[in-house]
>>> print(open('protein.cif').read())   # mmCIF, N, CA and C atoms
data_data
loop_
_atom_site.label_atom_id
_atom_site.label_comp_id
_atom_site.auth_asym_id
_atom_site.auth_seq_id
_atom_site.Cartn_x
_atom_site.Cartn_y
_atom_site.Cartn_z
N MET Q 14 77.90 200.88 48.21
CA MET Q 14 76.81 200.07 47.73
C MET Q 14 77.39 198.86 46.99
N VAL Q 15 76.79 197.75 47.16
CA VAL Q 15 77.24 196.52 46.53
C VAL Q 15 76.71 196.46 45.10
N SER Q 16 77.61 196.24 44.17
CA SER Q 16 77.17 196.15 42.77
C SER Q 16 76.72 194.73 42.46
N ARG Q 17 75.77 194.62 41.58
CA ARG Q 17 75.28 193.31 41.18
C ARG Q 17 76.06 192.82 39.97
N GLN Q 18 76.46 191.58 40.03
CA GLN Q 18 77.17 190.98 38.91
C GLN Q 18 76.37 189.80 38.42
N LYS Q 19 76.50 189.54 37.13
CA LYS Q 19 75.86 188.35 36.59
C LYS Q 19 76.63 187.13 37.09
N LEU Q 20 75.89 186.21 37.60
CA LEU Q 20 76.52 184.96 38.02
C LEU Q 20 76.30 183.92 36.94
N GLY Q 21 77.23 183.01 36.83
CA GLY Q 21 77.08 181.95 35.85
C GLY Q 21 78.14 182.02 34.77
N PHE Q 22 77.96 181.18 33.80
CA PHE Q 22 78.93 181.02 32.72
C PHE Q 22 78.82 182.15 31.70
N GLN Q 23 79.98 182.67 31.32
CA GLN Q 23 80.03 183.68 30.27
C GLN Q 23 81.16 183.32 29.32
N TRP Q 24 80.85 183.26 28.04
CA TRP Q 24 81.83 182.86 27.02
C TRP Q 24 83.03 183.79 26.98
N LYS Q 25 82.84 185.05 27.22
CA LYS Q 25 83.94 186.01 27.09
C LYS Q 25 85.00 185.82 28.18
N ASP Q 26 84.66 185.11 29.25
CA ASP Q 26 85.62 184.90 30.33
C ASP Q 26 86.60 183.77 30.05
N LEU Q 27 86.33 182.98 29.01
CA LEU Q 27 87.22 181.87 28.68
C LEU Q 27 88.48 182.36 27.99
N PRO Q 28 89.61 181.68 28.23
CA PRO Q 28 90.81 182.02 27.47
C PRO Q 28 90.64 181.62 26.00
N SER Q 29 91.60 181.94 25.19
CA SER Q 29 91.50 181.64 23.77
C SER Q 29 91.49 180.13 23.53
N ARG Q 30 91.06 179.74 22.34
CA ARG Q 30 91.02 178.32 21.99
C ARG Q 30 92.42 177.72 22.02
N GLN Q 31 93.40 178.48 21.63
CA GLN Q 31 94.77 177.99 21.61
C GLN Q 31 95.25 177.66 23.02
N VAL Q 32 94.94 178.51 23.98
CA VAL Q 32 95.33 178.26 25.37
C VAL Q 32 94.59 177.04 25.92
N LEU Q 33 93.31 176.94 25.61
CA LEU Q 33 92.54 175.78 26.08
C LEU Q 33 93.07 174.49 25.46
N GLY Q 34 93.40 174.52 24.18
CA GLY Q 34 93.94 173.34 23.52
C GLY Q 34 95.27 172.92 24.09
N ALA Q 35 96.15 173.88 24.33
CA ALA Q 35 97.46 173.57 24.91
C ALA Q 35 97.31 173.03 26.33
N SER Q 36 96.40 173.60 27.10
CA SER Q 36 96.17 173.13 28.46
C SER Q 36 95.63 171.71 28.47
N PHE Q 37 94.68 171.43 27.57
CA PHE Q 37 94.14 170.08 27.48
C PHE Q 37 95.22 169.09 27.07
N PHE Q 38 96.01 169.44 26.07
CA PHE Q 38 97.08 168.57 25.59
C PHE Q 38 98.06 168.26 26.71
N ALA Q 39 98.50 169.29 27.43
CA ALA Q 39 99.48 169.10 28.50
C ALA Q 39 98.90 168.28 29.64
N ALA Q 40 97.67 168.56 30.02
CA ALA Q 40 97.06 167.85 31.14
C ALA Q 40 96.82 166.39 30.79
N PHE Q 41 96.29 166.12 29.61
CA PHE Q 41 95.96 164.75 29.23
C PHE Q 41 97.21 163.92 29.00
N PHE Q 42 98.07 164.38 28.11
CA PHE Q 42 99.23 163.58 27.76
C PHE Q 42 100.27 163.56 28.87
N GLY Q 43 100.42 164.65 29.60
CA GLY Q 43 101.35 164.66 30.72
C GLY Q 43 100.95 163.67 31.79
N THR Q 44 99.67 163.66 32.13
CA THR Q 44 99.18 162.72 33.13
C THR Q 44 99.23 161.30 32.62
N TYR Q 45 98.78 161.09 31.39
CA TYR Q 45 98.77 159.75 30.80
C TYR Q 45 100.18 159.17 30.73
N LEU Q 46 101.11 159.95 30.22
CA LEU Q 46 102.48 159.45 30.09
C LEU Q 46 103.13 159.21 31.45
N ALA Q 47 102.86 160.08 32.40
CA ALA Q 47 103.45 159.91 33.73
C ALA Q 47 102.97 158.63 34.39
N ILE Q 48 101.68 158.36 34.32
CA ILE Q 48 101.15 157.15 34.94
C ILE Q 48 101.62 155.92 34.19
N TRP Q 49 101.64 155.98 32.85
CA TRP Q 49 102.08 154.84 32.05
C TRP Q 49 103.56 154.51 32.34
N LEU Q 50 104.40 155.53 32.40
CA LEU Q 50 105.82 155.29 32.68
C LEU Q 50 106.04 154.78 34.10
N GLN Q 51 105.26 155.27 35.05
CA GLN Q 51 105.39 154.78 36.42
C GLN Q 51 104.98 153.31 36.51
N GLN Q 52 103.90 152.95 35.85
CA GLN Q 52 103.46 151.56 35.87
C GLN Q 52 104.47 150.65 35.17
N THR Q 53 105.06 151.12 34.09
CA THR Q 53 106.08 150.36 33.38
C THR Q 53 107.30 150.16 34.28
N ALA Q 54 107.70 151.20 34.99
CA ALA Q 54 108.84 151.09 35.90
C ALA Q 54 108.54 150.10 37.02
N LEU Q 55 107.33 150.12 37.55
CA LEU Q 55 106.97 149.17 38.61
C LEU Q 55 106.95 147.74 38.09
N LYS Q 56 106.64 147.56 36.82
CA LYS Q 56 106.59 146.23 36.24
C LYS Q 56 107.98 145.63 36.05
N PHE Q 57 108.93 146.46 35.63
CA PHE Q 57 110.24 145.96 35.24
C PHE Q 57 111.35 146.12 36.27
N THR Q 58 111.07 146.70 37.42
CA THR Q 58 112.09 146.84 38.45
C THR Q 58 111.43 146.70 39.82
N ALA Q 59 112.23 146.71 40.85
CA ALA Q 59 111.72 146.60 42.22
C ALA Q 59 110.87 147.83 42.54
N ALA Q 60 109.80 147.61 43.25
CA ALA Q 60 108.85 148.69 43.54
C ALA Q 60 109.50 149.82 44.33
N GLY Q 61 110.35 149.50 45.28
CA GLY Q 61 111.01 150.53 46.09
C GLY Q 61 111.91 151.43 45.27
N ILE Q 62 112.65 150.84 44.37
CA ILE Q 62 113.55 151.62 43.51
C ILE Q 62 112.74 152.48 42.55
N ALA Q 63 111.71 151.89 41.95
CA ALA Q 63 110.88 152.65 41.00
C ALA Q 63 110.20 153.83 41.69
N GLN Q 64 109.69 153.61 42.88
CA GLN Q 64 108.99 154.69 43.59
C GLN Q 64 109.97 155.76 44.06
N THR Q 65 111.16 155.35 44.47
CA THR Q 65 112.18 156.32 44.88
C THR Q 65 112.56 157.22 43.71
N LEU Q 66 112.77 156.62 42.55
CA LEU Q 66 113.13 157.42 41.37
C LEU Q 66 111.96 158.28 40.91
N ALA Q 67 110.74 157.80 41.03
CA ALA Q 67 109.57 158.60 40.65
C ALA Q 67 109.41 159.81 41.57
N ALA Q 68 109.81 159.65 42.82
CA ALA Q 68 109.68 160.75 43.78
C ALA Q 68 110.73 161.84 43.55
N THR Q 69 111.70 161.59 42.68
CA THR Q 69 112.74 162.59 42.43
C THR Q 69 112.33 163.61 41.37
N SER Q 70 111.16 163.49 40.81
CA SER Q 70 110.76 164.41 39.74
C SER Q 70 110.83 165.89 40.15
N PRO Q 71 110.51 166.26 41.39
CA PRO Q 71 110.66 167.68 41.75
C PRO Q 71 112.10 168.18 41.68
N LEU Q 72 113.07 167.28 41.76
CA LEU Q 72 114.47 167.70 41.69
C LEU Q 72 114.82 168.23 40.30
N PHE Q 73 114.12 167.76 39.29
CA PHE Q 73 114.41 168.19 37.93
C PHE Q 73 113.89 169.59 37.63
N VAL Q 74 113.07 170.12 38.52
CA VAL Q 74 112.53 171.45 38.32
C VAL Q 74 113.60 172.51 38.59
N LEU Q 75 114.52 172.23 39.48
CA LEU Q 75 115.54 173.22 39.85
C LEU Q 75 116.42 173.62 38.66
N PRO Q 76 116.99 172.69 37.91
CA PRO Q 76 117.78 173.12 36.74
C PRO Q 76 116.93 173.86 35.69
N ILE Q 77 115.67 173.45 35.55
CA ILE Q 77 114.79 174.14 34.60
C ILE Q 77 114.54 175.57 35.08
N ALA Q 78 114.36 175.74 36.39
CA ALA Q 78 114.14 177.09 36.94
C ALA Q 78 115.37 177.97 36.72
N VAL Q 79 116.56 177.41 36.91
CA VAL Q 79 117.79 178.17 36.66
C VAL Q 79 117.87 178.56 35.19
N TRP Q 80 117.54 177.62 34.31
CA TRP Q 80 117.59 177.87 32.87
C TRP Q 80 116.61 178.97 32.46
N LEU Q 81 115.46 179.04 33.14
CA LEU Q 81 114.47 180.06 32.83
C LEU Q 81 114.76 181.40 33.50
N GLY Q 82 115.83 181.45 34.29
CA GLY Q 82 116.22 182.71 34.90
C GLY Q 82 115.60 182.98 36.26
N GLU Q 83 114.99 181.99 36.87
CA GLU Q 83 114.40 182.16 38.19
C GLU Q 83 115.50 182.23 39.26
N LEU Q 84 115.19 182.87 40.35
CA LEU Q 84 116.11 182.95 41.47
C LEU Q 84 116.04 181.64 42.26
N VAL Q 85 117.17 180.97 42.40
CA VAL Q 85 117.24 179.72 43.15
C VAL Q 85 118.02 179.98 44.42
N THR Q 86 117.41 179.67 45.54
CA THR Q 86 118.04 179.96 46.83
C THR Q 86 119.00 178.86 47.24
N VAL Q 87 119.85 179.18 48.17
CA VAL Q 87 120.80 178.21 48.72
C VAL Q 87 120.02 177.09 49.41
N ARG Q 88 118.93 177.43 50.03
CA ARG Q 88 118.10 176.43 50.70
C ARG Q 88 117.57 175.39 49.71
N ALA Q 89 117.17 175.83 48.53
CA ALA Q 89 116.69 174.91 47.51
C ALA Q 89 117.81 173.99 47.03
N VAL Q 90 118.98 174.53 46.83
CA VAL Q 90 120.13 173.72 46.40
C VAL Q 90 120.50 172.72 47.48
N LEU Q 91 120.50 173.14 48.72
CA LEU Q 91 120.79 172.20 49.82
C LEU Q 91 119.74 171.10 49.91
N GLY Q 92 118.49 171.45 49.66
CA GLY Q 92 117.43 170.44 49.66
C GLY Q 92 117.65 169.40 48.56
N VAL Q 93 118.08 169.85 47.40
CA VAL Q 93 118.37 168.92 46.31
C VAL Q 93 119.54 168.02 46.67
N LEU Q 94 120.56 168.59 47.27
CA LEU Q 94 121.72 167.78 47.67
C LEU Q 94 121.36 166.73 48.72
N VAL Q 95 120.53 167.11 49.68
CA VAL Q 95 120.08 166.14 50.69
C VAL Q 95 119.25 165.04 50.03
N ALA Q 96 118.39 165.41 49.11
CA ALA Q 96 117.58 164.42 48.41
C ALA Q 96 118.44 163.47 47.59
N MET Q 97 119.44 164.00 46.91
CA MET Q 97 120.34 163.16 46.12
C MET Q 97 121.14 162.21 47.01
N ALA Q 98 121.55 162.69 48.19
CA ALA Q 98 122.24 161.82 49.13
C ALA Q 98 121.33 160.71 49.61
N GLY Q 99 120.07 161.02 49.86
CA GLY Q 99 119.12 160.00 50.26
C GLY Q 99 118.90 158.96 49.17
N ILE Q 100 118.84 159.42 47.93
CA ILE Q 100 118.69 158.49 46.81
C ILE Q 100 119.90 157.59 46.70
N ALA Q 101 121.08 158.16 46.88
CA ALA Q 101 122.31 157.36 46.84
C ALA Q 101 122.32 156.31 47.94
N LEU Q 102 121.80 156.66 49.12
CA LEU Q 102 121.73 155.67 50.21
C LEU Q 102 120.76 154.56 49.90
N VAL Q 103 119.62 154.89 49.31
CA VAL Q 103 118.61 153.90 49.00
C VAL Q 103 119.08 152.96 47.88
N LEU Q 104 119.65 153.53 46.85
CA LEU Q 104 120.04 152.74 45.69
C LEU Q 104 121.42 152.11 45.82
N GLY Q 105 122.25 152.63 46.72
CA GLY Q 105 123.63 152.15 46.81
C GLY Q 105 123.83 151.03 47.71
#
>>> encode(input="protein.cif", output="C-alpha coordinates")
Amino acid sequence: MVSRQKLGFQWKDLPSRQVLGASFFAAFFGTYLAIWLQQTALKFTAAGIAQTLAATSPLFVLPIAVWLGELVTVRAVLGVLVAMAGIALVLG
(Lines of atoms letter the chains of each structure in order from A and count residues from 1; the text may use other names and numbers.)
(Lines give C-alpha, C1' and ligand atoms only; values in the text may rest on other atoms or scores of the structure.)
Protein backbone atom coordinates (compact mmCIF):
# COMPACT_ATOMS: atom_id res chain seq x y z
CA MET A 1 0.00 0.00 0.00
CA VAL A 2 1.27 3.46 -0.83
CA SER A 3 1.76 5.67 2.19
CA ARG A 4 0.69 9.28 2.09
CA GLN A 5 3.27 11.92 2.79
CA LYS A 6 2.82 15.58 3.41
CA LEU A 7 3.93 17.52 0.42
CA GLY A 8 5.34 20.99 0.70
CA PHE A 9 7.73 22.91 2.86
CA GLN A 10 8.61 21.67 6.33
CA TRP A 11 10.95 23.57 8.65
CA LYS A 12 12.38 20.42 10.21
CA ASP A 13 13.80 19.32 6.84
CA LEU A 14 16.16 22.30 6.65
CA PRO A 15 19.78 21.94 7.73
CA SER A 16 21.02 23.96 10.67
CA ARG A 17 21.42 27.73 10.47
CA GLN A 18 25.19 27.32 10.58
CA VAL A 19 25.18 25.07 7.51
CA LEU A 20 22.86 27.42 5.64
CA GLY A 21 25.02 30.42 6.54
CA ALA A 22 28.22 28.70 5.42
CA SER A 23 26.59 27.58 2.18
CA PHE A 24 25.33 31.09 1.46
CA PHE A 25 28.73 32.60 2.25
CA ALA A 26 30.58 30.14 0.01
CA ALA A 27 28.12 30.41 -2.87
CA PHE A 28 27.90 34.20 -2.84
CA PHE A 29 31.50 35.15 -2.23
CA GLY A 30 32.97 32.27 -4.22
CA THR A 31 30.91 33.18 -7.26
CA TYR A 32 31.39 36.91 -6.81
CA LEU A 33 35.15 36.65 -6.41
CA ALA A 34 35.52 34.21 -9.29
CA ILE A 35 33.66 36.44 -11.73
CA TRP A 36 35.40 39.59 -10.48
CA LEU A 37 38.86 38.03 -10.82
CA GLN A 38 38.05 36.66 -14.28
CA GLN A 39 36.87 40.07 -15.47
CA THR A 40 39.98 41.71 -14.00
CA ALA A 41 42.18 39.19 -15.80
CA LEU A 42 40.38 39.86 -19.09
CA LYS A 43 40.89 43.59 -18.60
CA PHE A 44 44.63 43.46 -17.93
CA THR A 45 45.83 40.68 -20.23
CA ALA A 46 45.02 39.07 -23.57
CA ALA A 47 41.65 37.33 -23.57
CA GLY A 48 43.06 34.01 -24.82
CA ILE A 49 45.66 33.81 -22.08
CA ALA A 50 43.20 34.84 -19.37
CA GLN A 51 40.62 32.29 -20.49
CA THR A 52 43.24 29.53 -20.78
CA LEU A 53 44.41 30.17 -17.23
CA ALA A 54 40.82 30.38 -15.96
CA ALA A 55 40.10 26.99 -17.50
CA THR A 56 42.88 25.42 -15.43
CA SER A 57 40.97 25.73 -12.16
CA PRO A 58 39.97 22.02 -12.17
CA LEU A 59 43.68 21.15 -12.16
CA PHE A 60 44.03 22.64 -8.69
CA VAL A 61 41.51 20.17 -7.31
CA LEU A 62 43.89 17.24 -7.73
CA PRO A 63 46.50 18.36 -5.14
CA ILE A 64 43.68 19.28 -2.76
CA ALA A 65 42.17 15.81 -3.21
CA VAL A 66 45.54 14.20 -2.45
CA TRP A 67 45.91 16.41 0.63
CA LEU A 68 42.45 15.33 1.84
CA GLY A 69 43.37 11.67 1.43
CA GLU A 70 41.27 10.90 -1.64
CA LEU A 71 42.35 8.19 -4.05
CA VAL A 72 43.85 9.77 -7.18
CA THR A 73 44.09 7.53 -10.20
CA VAL A 74 46.87 7.38 -12.77
CA ARG A 75 44.33 8.49 -15.35
CA ALA A 76 43.67 11.70 -13.40
CA VAL A 77 47.40 12.44 -13.11
CA LEU A 78 47.88 11.82 -16.83
CA GLY A 79 44.98 14.16 -17.57
CA VAL A 80 46.63 16.89 -15.51
CA LEU A 81 49.93 16.37 -17.30
CA VAL A 82 48.25 16.60 -20.72
CA ALA A 83 46.45 19.76 -19.64
CA MET A 84 49.68 21.32 -18.37
CA ALA A 85 51.40 20.47 -21.67
CA GLY A 86 48.56 22.14 -23.54
CA ILE A 87 48.89 25.24 -21.38
CA ALA A 88 52.62 25.31 -22.04
CA LEU A 89 51.94 25.15 -25.79
CA VAL A 90 49.41 27.97 -25.64
CA LEU A 91 51.47 30.26 -23.43
CA GLY A 92 54.92 29.35 -24.74
>>> residues_around(input="protein.cif", residues="region 89-92 of chain Q", least_positions_apart="6", cutoff="10 Å", atoms="only C-alpha atoms", output="ChimeraX atom specification")
/Q:72,75-76,98
>>> atom_distance(input="protein.cif", atom1="CA of Gly105 (chain Q)", atom2="atom N of Leu66 (chain Q)")
12.5 Å
>>> select_by_dssp(input="protein.cif", residues="chain Q", states="helix (DSSP H, G or I)", output="MDAnalysis selection string")
chainID Q and resid 24:26 30:57 60:67 70:80 87:104
>>> atom_distance(input="protein.cif", atom1="atom C of Val95 (chain Q)", atom2="atom C of Ala63 (chain Q)")
16.6 Å
>>> atom_distance(input="protein.cif", atom1="CA of Ile77 (chain Q)", atom2="CA of Val93 (chain Q)")
13.3 Å
>>> residues_around(input="protein.cif", residues="Thr69 (chain Q)", least_positions_apart="2", cutoff="10 Å", atoms="only C-alpha atoms", output="VMD selection string")
chain Q and resid 64 to 67 71 to 74 93 96 to 97 100
>>> axis_aligned_box(input="protein.cif", around="region 70-78 of chain Q", padding_each_side="4 Å", output="AutoDock Vina command-line options")
--center_x 114.1 --center_y 170.7 --center_z 38.2 --size_x 15.3 --size_y 22.5 --size_z 15.2
